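To start, the structure under review is shown below, and the notes come after it.
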Amino acid sequence: MNFSASTYQNEFLPADATEVHAVVTVTSGNGDSAPAGAAEKAVVLIVDTSGSMGQPGTKIRAARQALAASVEELPDGVWFAVISGNHEAMCVYPPTFATGEPPSLVRADARTRAEAGEVARQLRPEGGTAIGTWLDLARDVFSGHPEAIKLAYLLTDGRNESEPHENLEAALRRCTGVFQCDARGVGSDWEVSELRLVTSTLLGEVDIIADPDEMDDDFRAFLERALGKAVADVRLRIWAPQGSTVKFLRQVAPAIDDLTAKAIPVNPLTGDFPTGAWAGDESRDYHLSVNVPVGKVGDEKLAARVSLVVDDQPVSQALVKAIWTDDEALSARISPQVAHYTGQAELAVAIHEGLEARKQGDNDTATVRLGRAVQLAHESGNEGTVKLLQKVVEVDDAATGTVRLKRGVAAVDEMALDTRSTRTVRVTAKPQDPSTTPPTEPTPPAPASGPGA
Amino acid sequence: MPVTCPNGHESESTDYCDTCGAVIAILPPLPPTADPAATAAGTAVMPIVTVPPGATCPNCGAPRAPDEVFCEVCGLNFSTGQLPSPAAELAAADPQAVTAEWVAVVSADHRYYESNQAENPDDTVTFPTDAEVREVALTSNEILIGRRSDSKGIFPAIDLSEPPSDPGVSRRHAILRLKLDGWVVVDQGSTNGTLVRGAVTPIKPGDAVRLHDGDHVHVGAWTRITLRQVGTPAP
């Protein structure tokens, strides 16, 4: 597995400017040395079995079916466990209540797959919902495998109503850095902000399953993603010069996620930002903003050194620079990548604020904000978000953001828009920007003829 | 090993300062006349660095008075950007100084070869299993690393066209240069770059990177060159 990092920025700043912006694209590739799939993998499937999953019964039936089908397809050697969650959590497979052993993972083989499938088909809905207890149990189950790539999948249909919110926050603090977790909300009686808190903290994705029939495919897609991961813990290490501050670091593609608060200090000028496990063919974009001490016209300074760190070893790096100039033609340019992702971030905020205003009954604000969202999504070619917006507003003119709120919008449509508002598209064609830094990979040893050859 | 930035900070990074992010001034390249082969072959000769008055020395970072012609610490000529010739200095100080007290140990490094394999999908470059470790005594203050070419008049002191002949090395690949305070390596604009102390990023062509006893320099498809001090300096 190898990584490369490239910087997109306009490094020229007007005199007196201190704010530096850059987009760093990180791409992974399968090298020959460490084939994908070499690392040990562990998955924990957490299924809500609260009473509401039985109302209507299609939810629990779909969950049983999807869970059984996916465990029965696990490849040999994958470590796994199934947790049934309501107001408390129980590891239903491998079963521990009978033996009194501490909860643990089990290796997939013909016997364990069949047994787990059998257990999945017998799950019964009763009781409440306490997601914090589910996560704490998952952490215990994973604890015997510190080196494995650890991914959990959490499915719920309701609000976290059987424990105080602080319990969920405390459980998330305990689980941070131990495992990653995706979360799915079934139907429309769950809280987007609750599941987003889970996935944002545990480096996962949140999504809606509007129709229980989609569950089967979604479980399968999760396992495919999980088993494709090849490196467990990749970090962005950001150095910024003395006297500067990292204003923000956001993942901006494939979805927006603010990483600023996740910094783990390495030394006074350097912090690590965990990005979780990577597959061998991924590409993610990050938007970094740093405030640096002002320089004199003509000065060049390094504003940030962004290194990719695997097992505490830097494997690639990208440089973010600042050059002060009095040539406005140079400093006025905005990097197309920085502009694009600034727009995508504004789009997510506009959707969030528009939906909030609508909930509060403030239709004027909702119309303005969702109109702005339509305009931004349209301009940037984010067709997925345009479609989701069209279920909530009538679009009269996308270019100017002229919209009318729809009446009688289905709750699931509104929640789908809310959940997926952070998904971004990339700049359609990356122009040859002179500020582009080539990947900092070692130069290939082609049979060479150097200068003078 | 640490270098000093224009603002006087010690920095492990040799491109930008670890503390303030300032550009670490590159050392002046050889004057054009010293490198006729490269010039003839069309290699761009870097311009001589000139220093505005009132700054610090771009070579060693020492403060300078506006009327100084030479840096008091390292001897850089501010108007030409040239350092005093180490050979002349050393010869004047002690004729025995430039002797075979340092050697370059040349070997084939399988791990480095492996790390390059992503770029060698067709196995066109095969790792030499029978390569012998050899030592080249550093008897001059400037040692060319490269591949010999009789027709072009290139005779590197560390000749990597000798068996097992590393195909990833450029004819004029890099130079080991003895300075007053030790050895540096300067990539000569090679095709595949020069890596120092196991770094994944090649050093910038033209930059003088400090080397110390035991440091590794990697070039080509598999070659590792280790700098070693084999005796104590002559008294």
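A note on labels: chains of the structure tokens are A, B, ... as shown, every chain counts residues from 1, and ligands are counted from 1 in their shown order.
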
>> Please return, as JSON, numbers by chain, all residues of stretch 6-248 of chain A that DSSP assigns to strand (DSSP E or B) on the basis of the backbone.
In response: {"A": [6, 7, 8, 12, 13, 14, 19, 20, 21, 22, 23, 24, 25, 26, 27, 28, 29, 41, 42, 43, 44, 45, 46, 47, 48, 79, 80, 81, 82, 83, 84, 85, 89, 90, 91, 92, 93, 106, 107, 149, 150, 151, 152, 153, 154, 155, 156, 180, 181, 182, 183, 184, 185, 186, 206, 207, 208, 209, 229, 230, 231, 234, 235, 236, 237, 238, 239, 245, 246, 247, 248]}

>> List as number ranges by chain the protein and nucleic acid residues near stretch 208-223 of chain B, meaning an atom at most 7 Å away when only C-alpha atoms are counted, but skip any in the same chain fewer than 4 places from it.
In response: A: 445; B: 1, 26-27, 106-110, 112-113, 116, 166-169, 183-186, 192-198, 227-229

>> I'd like the neighbourhood of A:Val392 as number ranges by chain, where a residue qualifies if any of its atoms comes within 12 Å (using only C-alpha atoms), though same-chain residues fewer than 3 positions away should be ignored.
In response: A: 351, 354-355, 358, 366-367, 370-371, 373-374, 385-389, 395, 403-418

>> Just to confirm, what's the straight-line distance from atom CA of A:Trp278 to atom CA of A:Arg184 in Å (one decimal)?
In response: 20.6 Å

> Residues at most 9 Å from stretch 150-163 of chain B, counting only C-alpha atoms, excluding those fewer than 5 positions away in the same chain, as a ChimeraX atom specification?
Replying inline: /A:452-453 /B:37,104,106,131-132,136,138,142-145,169,171-172,223

Please produce a file of those selected residues containing C-alpha atoms, as a PDB file, in the first residue's frame.
```
ATOM      1  CA  GLY A 452      24.706  13.987 -19.832  1.00  0.00           C
ATOM      2  CA  ALA A 453      23.745  10.470 -20.896  1.00  0.00           C
TER       3      ALA A 453
ATOM      4  CA  ALA B  37      30.216  18.163 -18.949  1.00  0.00           C
ATOM      5  CA  ALA B 104      31.904   5.364   0.848  1.00  0.00           C
ATOM      6  CA  VAL B 106      28.633   0.825  -1.782  1.00  0.00           C
ATOM      7  CA  ALA B 131      26.525  -7.955  -5.634  1.00  0.00           C
ATOM      8  CA  GLU B 132      29.603  -7.449  -3.505  1.00  0.00           C
ATOM      9  CA  VAL B 136      35.619   3.672  -2.262  1.00  0.00           C
ATOM     10  CA  LEU B 138      37.179   9.495  -0.566  1.00  0.00           C
ATOM     11  CA  GLU B 142      34.654  16.301  -4.617  1.00  0.00           C
ATOM     12  CA  ILE B 143      33.422  12.821  -5.441  1.00  0.00           C
ATOM     13  CA  LEU B 144      31.117  12.233  -8.372  1.00  0.00           C
ATOM     14  CA  ILE B 145      28.494   9.493  -8.081  1.00  0.00           C
ATOM     15  CA  VAL B 169      21.629   5.893 -11.785  1.00  0.00           C
ATOM     16  CA  ARG B 171      25.615   9.528 -15.556  1.00  0.00           C
ATOM     17  CA  ARG B 172      26.174  12.607 -13.421  1.00  0.00           C
ATOM     18  CA  THR B 223      22.316   1.257  -4.570  1.00  0.00           C
TER      19      THR B 223
END
```

>> Need to verify the contact set: A:Arg235, 7 Å, only C-alpha atoms, exclusion of same-chain residues closer than 2 positions in sequence. Can you return it as a list in words?
In response: Asp233, Arg237, Asp272, Phe273, Pro274, Thr275, Leu308, Val309 and Val310 of chain A

Restricting the output to N, CA and C atoms, write the selected residues as a PDB file, in the first residue's frame.
```
ATOM      1  N   ASP A 233      -4.836   2.463  10.598  1.00  0.00           N
ATOM      2  CA  ASP A 233      -4.817   3.753  11.277  1.00  0.00           C
ATOM      3  C   ASP A 233      -3.932   4.724  10.512  1.00  0.00           C
ATOM      4  N   ARG A 237      -0.634  14.299   9.721  1.00  0.00           N
ATOM      5  CA  ARG A 237       0.185  15.017  10.703  1.00  0.00           C
ATOM      6  C   ARG A 237       0.422  16.402  10.151  1.00  0.00           C
ATOM      7  N   ASP A 272      -1.635  15.436  15.208  1.00  0.00           N
ATOM      8  CA  ASP A 272      -2.097  14.323  14.377  1.00  0.00           C
ATOM      9  C   ASP A 272      -3.623  14.330  14.316  1.00  0.00           C
ATOM     10  N   PHE A 273      -4.169  14.084  13.110  1.00  0.00           N
ATOM     11  CA  PHE A 273      -5.609  13.998  12.930  1.00  0.00           C
ATOM     12  C   PHE A 273      -5.931  12.610  12.384  1.00  0.00           C
ATOM     13  N   PRO A 274      -6.571  11.747  13.209  1.00  0.00           N
ATOM     14  CA  PRO A 274      -6.860  10.385  12.748  1.00  0.00           C
ATOM     15  C   PRO A 274      -7.864  10.398  11.585  1.00  0.00           C
ATOM     16  N   THR A 275      -7.621   9.564  10.580  1.00  0.00           N
ATOM     17  CA  THR A 275      -8.567   9.449   9.464  1.00  0.00           C
ATOM     18  C   THR A 275      -9.097   8.026   9.327  1.00  0.00           C
ATOM     19  N   LEU A 308       1.428  12.191   5.789  1.00  0.00           N
ATOM     20  CA  LEU A 308       0.560  11.038   6.012  1.00  0.00           C
ATOM     21  C   LEU A 308       1.334  10.075   6.874  1.00  0.00           C
ATOM     22  N   VAL A 309       0.745   9.666   7.974  1.00  0.00           N
ATOM     23  CA  VAL A 309       1.491   8.858   8.932  1.00  0.00           C
ATOM     24  C   VAL A 309       0.789   7.508   9.096  1.00  0.00           C
ATOM     25  N   VAL A 310       1.519   6.445   8.839  1.00  0.00           N
ATOM     26  CA  VAL A 310       1.011   5.085   9.029  1.00  0.00           C
ATOM     27  C   VAL A 310       1.945   4.402  10.023  1.00  0.00           C
TER      28      VAL A 310
END
```

>> Report, in Å with one decimal, the straight-line distance from atom CA of A:Leu203 to atom CA of A:Cys181.
In response: 6.6 Å

> In Å to one decimal, how far is atom CA of A:Ala348 from atom CA of A:Ala399?
Replying inline: 17.6 Å

> Pick the closest to chain A from B:Ile175, B:Val103, B:Val200, B:Cys5: which is it, counting only C-alpha atoms?
Replying inline: B:Val200

>> For A:Glu346, find every residue with an atom within 12 Å (counting only C-alpha atoms), except residues of its own chain fewer than 6 positions away, and show them as a list in words.
In response: Val252, Ile256, Ala339, His340, His352, Glu353, Gly354, Arg369, Leu370, Arg372, Ala373, Val374, Gln375, Leu376, Ala377, Ser380, Ser421, Thr422, Arg423 and Thr424 of chain A

> Taking into account only C-alpha atoms, which residue in the set A:Ala62, A:Leu123, A:Ala230, A:Ala332 is nearest to A:Ala39?
Replying inline: A:Ala230

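The nearest approach to A:Thr199 among the residues A:Leu135, A:Val141, A:Ala63, A:Ala81, with only C-alpha atoms taken into account, belongs to A:Leu135.
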
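Closest approach to A:Gly177 among A:Gln242, A:Ser143, A:Ser307, A:Thr325 is made by A:Ser143 (distances from only C-alpha atoms).
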